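Take a look at the structure below.
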Amino acid sequence: MRVYLFGFASDDFLGRVIVTPDQRTVAQLADQLVAWGLAPERGGPVTVRNEAGDILDPAATIRAAGLGNGDIFKVERR
Amino acid sequence: MVLRRDDWLDLARKVDWTPRYVDERELFPEEISGRPWLTHDAWRNWNEAYRTTYREYVANQRDKDSAVLGVRAALSKPRLFDELDPGWVELVKFHNGAVALAEYAGAVAELRMARFGRDSAWRTMASLGALDEIRHTQIPLLIGHDLLAHDGNFDWTHKAFHTNQWLILAARHLFDDMFLAADAIDLAIQLNFVFETGFTNLQFMAMAAMADRAHHHLFEKTVASIQTDEARHAQIGHPVLRTLIENGSRERAQYLIDKMWWRCWRLFLALSGTAMEYLAPLTARTRSFKEFMTEWVTEQFMKNLAEFDLEKPWFWDLFIEELDYAHHSLQLGLYTYRTTLWFDVAMPDRAERDWLNEKYPRWEETYGALWEQLEQRWEAGGEANTLAYGLPALCNLCQLPALFIRPGRNTACTVEMGGRRYLFCSEPCRWIFEQEKARFADHKSLVDRIVAGQAPGKLTDLHRWMGLEAPVETGKDLRRGLDRWRLDPVPTA
């Protein structure tokens, strides 16, 4: 199922809407958000958290990570 | 013998008829006169600080209009417009689109108080206030019409509020809440006490000072003239607030103040903060937006609150923190989504960046690298490389992008209600929503409409849906102009 989420990357200046199948992984979701930002070429590890601040497993699917329509996720770039 | 003014004015101000065919509650229903519903005895001491008669009002307004129209006639030469700084012209276009018809909504609000305000003196003041607001609509429309000869996008002075452009949706959401869907008591607190005594000084007097230095004397005269009216009818708020507090409604008064302070702050950082520091030429900048806010808005408003022994809004610390960042973050949003605007926007040049860093010591550290990335993207791939293509997350209360307050400091939050999850840019926006769920819950943000298929998701179609004819009306980089690629036909599958 496709879901829409609100992603906030730590080096970006605004939240962005991501529409994606919820079978994709959390890591792929983070990549998609970073690709929309201003510095996609800067690689490096990321940490993905939900609104409550829990770290999400990058290998888990979006659905398994508990993210659904209208949820926030945060990508911390180091 | 003709009576002297002071012999009849108090009698004329206080003509409160005793209804014979309906009772007072029917004449002034709570739904539109406001809560708490009090008998007229509670409102009997409603008094404005500066009293005026209709005769005085007409004479003063005639003089003020003559002064504005005199400057308009004297400064109508095309070269005077051509000599204006290009950034300043865009600032005026932005201001006119966002403000002219909002003033008309203000006239509707004043008329509601002119009928449903609970004391005759209040209704008299509001009648004059409605005439003021009509004037504040007509003057910008007239000046905007004159400017059409120089720049077709000045038709957004009138057009903007009839479109679904996203900034205008945000402005309309606020003004509907504050003006059009409010009862007389809420109006007096929200419009007169908070918006007019708290914020309009910033938009009108600060802008007038900047217009003087930008050599746009017609704009200076116009906004300064408007503010003299605002200052008069703004005084409606104080006696209404006093009556509420004296009759056990301190908590409600505090709520209305807190709510509207936050909502006005959101709009003003978007409208005034970005325009003052990214469109006004350096030579016109007397003080920073933060300095204007601190001196003209915050300090004055604190005195008003102290007068009534009211508290600072609970989110004050966040507001103070945002003063250093929020409008700078929004400017990046305006810049990267500029094709969705009716005015051009600027990337700050070296001198402007130095000025910003002097006024906001953490500006370069926070925003410098982001602007440099955009510069590099221009060099590497032209304009197409500097635009945002994904949708921004929009707040379900203020309708502005959820970008606050700065990179790395994100205050966005959500709430679930009725099977729908709502996004907010900040705790205060969520708090306001939760206080009046039934009022706000059915509204769909632009993103909600796109997700629901009620607005087009394709950017070129979205331009049209927002009332923007691309590429002629859509915003550009102020200094680089229209990139050639935007003239190319849009490829189709």
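Residues in the structure tokens are named by chain (A, B, ... in the order shown) and by number from 1 within that chain; ligands are numbered from 1 in the order shown.
The strand (DSSP E or B) portion of chain A consists of Arg2, Val3, Tyr4, Leu5, Phe6, Gly7, Phe8, Ala9, Arg16, Val17, Ile18, Val19, Thr20, Pro21, Thr25, Val46, Thr47, Val48, Arg49, Asn50, Ile55, Thr61, Ile72, Phe73, Lys74, Val75, Glu76 and Arg77 of chain A, with states taken from DSSP on the backbone.
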Pull N, CA and C atoms from the residues just selected and write them as a CSV table (one decimal), in the first residue's frame.
chain,number,residue,atom,x,y,z
A,2,ARG,N,0.5,2.3,-0.7
A,2,ARG,CA,1.2,3.5,-0.7
A,2,ARG,C,0.8,4.4,0.5
A,3,VAL,N,1.8,5.0,1.1
A,3,VAL,CA,1.5,5.8,2.2
A,3,VAL,C,2.2,7.2,2.0
A,4,TYR,N,1.6,8.2,2.6
A,4,TYR,CA,2.3,9.5,2.6
A,4,TYR,C,2.8,9.8,4.0
A,5,LEU,N,4.1,10.2,4.1
A,5,LEU,CA,4.8,10.5,5.3
A,5,LEU,C,5.4,11.9,5.3
A,6,PHE,N,5.7,12.4,6.5
A,6,PHE,CA,6.4,13.7,6.5
A,6,PHE,C,7.8,13.5,7.1
A,7,GLY,N,8.8,13.8,6.2
A,7,GLY,CA,10.2,13.5,6.6
A,7,GLY,C,10.9,14.8,6.9
A,8,PHE,N,11.7,14.7,7.9
A,8,PHE,CA,12.6,15.9,8.3
A,8,PHE,C,14.0,15.4,8.4
A,9,ALA,N,14.9,15.9,7.5
A,9,ALA,CA,16.3,15.6,7.6
A,9,ALA,C,17.0,16.7,8.4
A,16,ARG,N,9.4,17.4,4.3
A,16,ARG,CA,9.0,17.1,2.9
A,16,ARG,C,8.0,15.9,2.9
A,17,VAL,N,7.1,16.0,2.0
A,17,VAL,CA,6.1,14.9,1.9
A,17,VAL,C,6.7,13.7,1.0
A,18,ILE,N,6.7,12.5,1.6
A,18,ILE,CA,7.2,11.4,0.8
A,18,ILE,C,6.0,10.4,0.6
A,19,VAL,N,5.7,10.1,-0.6
A,19,VAL,CA,4.7,9.1,-0.9
A,19,VAL,C,5.5,7.9,-1.4
A,20,THR,N,5.2,6.8,-0.8
A,20,THR,CA,6.0,5.6,-1.0
A,20,THR,C,5.2,4.3,-0.7
A,21,PRO,N,5.6,3.2,-1.3
A,21,PRO,CA,5.0,1.9,-0.9
A,21,PRO,C,5.5,1.5,0.5
A,25,THR,N,12.0,-0.4,2.6
A,25,THR,CA,12.6,-0.4,3.9
A,25,THR,C,12.8,1.0,4.5
A,46,VAL,N,23.2,7.5,8.5
A,46,VAL,CA,22.0,8.2,9.0
A,46,VAL,C,21.3,7.4,10.1
A,47,THR,N,20.6,8.1,10.9
A,47,THR,CA,19.8,7.4,11.9
A,47,THR,C,18.3,7.9,11.7
A,48,VAL,N,17.4,7.0,11.7
A,48,VAL,CA,16.0,7.3,11.4
A,48,VAL,C,15.2,7.1,12.7
A,49,ARG,N,14.4,8.1,13.0
A,49,ARG,CA,13.6,8.0,14.2
A,49,ARG,C,12.1,8.3,13.9
A,50,ASN,N,11.2,7.8,14.7
A,50,ASN,CA,9.8,8.2,14.6
A,50,ASN,C,9.6,9.5,15.4
A,55,ILE,N,14.5,4.9,17.7
A,55,ILE,CA,15.3,4.6,16.5
A,55,ILE,C,14.6,3.5,15.7
A,61,THR,N,10.7,-2.9,7.1
A,61,THR,CA,9.8,-2.2,6.2
A,61,THR,C,9.2,-1.0,6.9
A,72,ILE,N,5.2,11.3,11.1
A,72,ILE,CA,6.5,12.0,10.9
A,72,ILE,C,7.7,11.0,11.1
A,73,PHE,N,8.7,11.2,10.3
A,73,PHE,CA,10.0,10.5,10.6
A,73,PHE,C,11.1,11.5,10.4
A,74,LYS,N,12.2,11.2,11.2
A,74,LYS,CA,13.3,12.2,11.2
A,74,LYS,C,14.6,11.4,10.8
A,75,VAL,N,15.3,12.0,9.9
A,75,VAL,CA,16.6,11.4,9.5
A,75,VAL,C,17.7,12.3,10.0
A,76,GLU,N,18.5,11.7,10.8
A,76,GLU,CA,19.7,12.5,11.4
A,76,GLU,C,20.9,12.1,10.5
A,77,ARG,N,21.5,13.1,9.9
A,77,ARG,CA,22.7,12.8,9.0
A,77,ARG,C,23.9,13.2,9.9
Which chain A residues are at most 6 Å from chain B (counting only C-alpha atoms), as a PDB file with N, CA and C atoms, in the first residue's frame?
ATOM      1  N   SER A  10      17.957  16.250   9.175  1.00  0.00           N
ATOM      2  CA  SER A  10      18.568  17.178  10.135  1.00  0.00           C
ATOM      3  C   SER A  10      19.339  18.317   9.466  1.00  0.00           C
ATOM      4  N   ASP A  11      19.761  18.137   8.212  1.00  0.00           N
ATOM      5  CA  ASP A  11      20.494  19.219   7.539  1.00  0.00           C
ATOM      6  C   ASP A  11      19.609  19.945   6.538  1.00  0.00           C
ATOM      7  N   ASP A  12      18.319  19.686   6.568  1.00  0.00           N
ATOM      8  CA  ASP A  12      17.395  20.353   5.651  1.00  0.00           C
ATOM      9  C   ASP A  12      16.663  21.447   6.427  1.00  0.00           C
ATOM     10  N   PHE A  13      15.901  22.269   5.719  1.00  0.00           N
ATOM     11  CA  PHE A  13      15.258  23.391   6.397  1.00  0.00           C
ATOM     12  C   PHE A  13      13.739  23.265   6.451  1.00  0.00           C
ATOM     13  N   LEU A  14      13.193  22.205   5.871  1.00  0.00           N
ATOM     14  CA  LEU A  14      11.747  22.030   5.999  1.00  0.00           C
ATOM     15  C   LEU A  14      11.381  20.559   5.893  1.00  0.00           C
ATOM     16  N   GLY A  15      10.168  20.250   6.347  1.00  0.00           N
ATOM     17  CA  GLY A  15       9.663  18.888   6.219  1.00  0.00           C
ATOM     18  C   GLY A  15       9.189  18.657   4.799  1.00  0.00           C
ATOM     19  N   ARG A  16       9.365  17.427   4.319  1.00  0.00           N
ATOM     20  CA  ARG A  16       8.962  17.113   2.945  1.00  0.00           C
ATOM     21  C   ARG A  16       8.013  15.920   2.950  1.00  0.00           C
ATOM     22  N   VAL A  17       7.085  15.958   2.000  1.00  0.00           N
ATOM     23  CA  VAL A  17       6.117  14.868   1.879  1.00  0.00           C
ATOM     24  C   VAL A  17       6.747  13.749   1.046  1.00  0.00           C
ATOM     25  N   GLY A  70       0.481  10.016   7.214  1.00  0.00           N
ATOM     26  CA  GLY A  70       0.524  11.222   8.031  1.00  0.00           C
ATOM     27  C   GLY A  70       1.533  11.195   9.162  1.00  0.00           C
TER      28      GLY A  70
END
inquiry  = Give me, as number ranges by chain, the residues of stretch 232-308 of chain B that a backbone DSSP run labels alpha helix (DSSP H).
reply    = B: 232-233, 237-246, 250-268, 274-278, 289-292, 299-307
Restrict the selected residues to N, CA and C atoms and save them as a compact mmCIF listing (two decimals), in the first residue's frame.
# COMPACT_ATOMS: atom_id res chain seq x y z
N ARG B 232 -6.66 54.30 15.75
CA ARG B 232 -7.92 54.77 16.34
C ARG B 232 -8.88 53.63 16.64
N HIS B 233 -9.13 52.78 15.61
CA HIS B 233 -10.17 51.77 15.89
C HIS B 233 -9.62 50.58 16.70
N GLY B 237 -10.47 47.22 21.44
CA GLY B 237 -10.10 46.01 22.16
C GLY B 237 -9.99 46.20 23.67
N HIS B 238 -9.42 47.31 24.11
CA HIS B 238 -9.15 47.48 25.55
C HIS B 238 -10.41 47.43 26.42
N PRO B 239 -11.44 48.22 26.10
CA PRO B 239 -12.62 48.17 26.98
C PRO B 239 -13.37 46.84 26.91
N VAL B 240 -13.29 46.14 25.79
CA VAL B 240 -13.93 44.82 25.72
C VAL B 240 -13.17 43.85 26.62
N LEU B 241 -11.86 43.90 26.52
CA LEU B 241 -11.04 43.02 27.36
C LEU B 241 -11.28 43.32 28.85
N ARG B 242 -11.37 44.60 29.15
CA ARG B 242 -11.58 44.98 30.57
C ARG B 242 -12.92 44.41 31.07
N THR B 243 -13.95 44.52 30.23
CA THR B 243 -15.27 44.02 30.64
C THR B 243 -15.24 42.51 30.85
N LEU B 244 -14.56 41.80 29.97
CA LEU B 244 -14.46 40.34 30.13
C LEU B 244 -13.79 40.00 31.45
N ILE B 245 -12.69 40.66 31.72
CA ILE B 245 -11.93 40.32 32.93
C ILE B 245 -12.74 40.67 34.18
N GLU B 246 -13.42 41.80 34.14
CA GLU B 246 -14.22 42.20 35.31
C GLU B 246 -15.42 41.28 35.54
N ARG B 250 -11.43 35.93 32.62
CA ARG B 250 -9.99 36.13 32.44
C ARG B 250 -9.37 34.98 31.62
N GLU B 251 -9.80 33.76 31.94
CA GLU B 251 -9.20 32.59 31.26
C GLU B 251 -9.49 32.62 29.76
N ARG B 252 -10.72 32.95 29.41
CA ARG B 252 -11.05 33.01 27.98
C ARG B 252 -10.27 34.14 27.30
N ALA B 253 -10.17 35.27 27.97
CA ALA B 253 -9.42 36.39 27.39
C ALA B 253 -7.96 35.98 27.14
N GLN B 254 -7.39 35.28 28.12
CA GLN B 254 -6.00 34.85 27.97
C GLN B 254 -5.86 33.88 26.80
N TYR B 255 -6.84 32.99 26.66
CA TYR B 255 -6.79 32.04 25.54
C TYR B 255 -6.82 32.76 24.19
N LEU B 256 -7.75 33.68 24.05
CA LEU B 256 -7.87 34.39 22.77
C LEU B 256 -6.59 35.16 22.44
N ILE B 257 -5.98 35.73 23.47
CA ILE B 257 -4.74 36.48 23.26
C ILE B 257 -3.61 35.54 22.85
N ASP B 258 -3.46 34.44 23.59
CA ASP B 258 -2.39 33.50 23.28
C ASP B 258 -2.54 32.95 21.86
N LYS B 259 -3.77 32.53 21.58
CA LYS B 259 -4.03 31.94 20.26
C LYS B 259 -3.69 32.92 19.15
N MET B 260 -4.21 34.13 19.26
CA MET B 260 -4.05 35.05 18.15
C MET B 260 -2.64 35.61 18.07
N TRP B 261 -1.96 35.70 19.21
CA TRP B 261 -0.56 36.12 19.16
C TRP B 261 0.23 35.14 18.30
N TRP B 262 0.05 33.85 18.59
CA TRP B 262 0.82 32.85 17.83
C TRP B 262 0.45 32.88 16.36
N ARG B 263 -0.82 32.95 16.05
CA ARG B 263 -1.26 32.94 14.66
C ARG B 263 -0.75 34.18 13.91
N CYS B 264 -0.78 35.32 14.56
CA CYS B 264 -0.28 36.54 13.91
C CYS B 264 1.24 36.44 13.71
N TRP B 265 1.91 35.90 14.71
CA TRP B 265 3.37 35.74 14.58
C TRP B 265 3.70 34.91 13.36
N ARG B 266 3.01 33.81 13.16
CA ARG B 266 3.25 32.94 12.01
C ARG B 266 3.10 33.74 10.70
N LEU B 267 2.02 34.50 10.59
CA LEU B 267 1.81 35.23 9.34
C LEU B 267 2.85 36.34 9.16
N PHE B 268 3.15 37.05 10.23
CA PHE B 268 4.07 38.17 10.09
C PHE B 268 5.51 37.74 9.81
N THR B 274 10.39 37.96 5.99
CA THR B 274 11.11 37.65 4.75
C THR B 274 11.24 38.89 3.87
N ALA B 275 10.18 39.69 3.77
CA ALA B 275 10.22 40.86 2.89
C ALA B 275 11.23 41.89 3.38
N MET B 276 11.24 42.12 4.69
CA MET B 276 12.14 43.15 5.23
C MET B 276 13.61 42.78 5.07
N GLU B 277 13.91 41.48 5.13
CA GLU B 277 15.33 41.11 5.18
C GLU B 277 15.84 40.42 3.93
N TYR B 278 14.95 40.18 2.96
CA TYR B 278 15.43 39.55 1.74
C TYR B 278 14.94 40.27 0.48
N PHE B 289 14.33 42.74 11.35
CA PHE B 289 12.97 42.30 11.70
C PHE B 289 12.90 41.98 13.18
N LYS B 290 13.92 41.33 13.69
CA LYS B 290 13.92 40.98 15.12
C LYS B 290 13.91 42.25 15.98
N GLU B 291 14.68 43.24 15.57
CA GLU B 291 14.70 44.49 16.35
C GLU B 291 13.35 45.20 16.29
N PHE B 292 12.75 45.21 15.09
CA PHE B 292 11.41 45.81 14.99
C PHE B 292 10.42 45.05 15.87
N GLU B 299 7.69 44.62 23.20
CA GLU B 299 7.72 45.50 24.38
C GLU B 299 6.37 46.19 24.58
N GLN B 300 5.80 46.67 23.48
CA GLN B 300 4.51 47.36 23.59
C GLN B 300 3.43 46.40 24.08
N PHE B 301 3.47 45.18 23.54
CA PHE B 301 2.44 44.22 23.90
C PHE B 301 2.56 43.80 25.36
N MET B 302 3.79 43.71 25.83
CA MET B 302 3.99 43.37 27.24
C MET B 302 3.33 44.42 28.14
N LYS B 303 3.44 45.68 27.72
CA LYS B 303 2.80 46.76 28.51
C LYS B 303 1.29 46.59 28.51
N ASN B 304 0.74 46.21 27.34
CA ASN B 304 -0.71 46.00 27.26
C ASN B 304 -1.15 44.86 28.17
N LEU B 305 -0.38 43.79 28.18
CA LEU B 305 -0.73 42.65 29.03
C LEU B 305 -0.64 43.04 30.50
N ALA B 306 0.42 43.78 30.82
CA ALA B 306 0.63 44.19 32.22
C ALA B 306 -0.54 45.05 32.71
N GLU B 307 -1.08 45.87 31.80
CA GLU B 307 -2.20 46.74 32.16
C GLU B 307 -3.39 45.92 32.68
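Straight-line separation from atom CA of B:Val89 to atom CA of B:Asp151: 9.4 Å.
The protein and nucleic acid residues lying at most 12 Å from B:Leu169 are Ala98, Ala102, Ala160, Phe161, His162, Thr163, Phe175, Asp176, Leu267, Leu394, Cys395, Asn396, Leu397, Cys398, Gln399, Leu400, Pro401, His443, Lys444, Ser445, Leu446, Val447, Met466 and Gly467 of chain B, with only C-alpha atoms considered and sequence neighbours fewer than 6 positions away removed.
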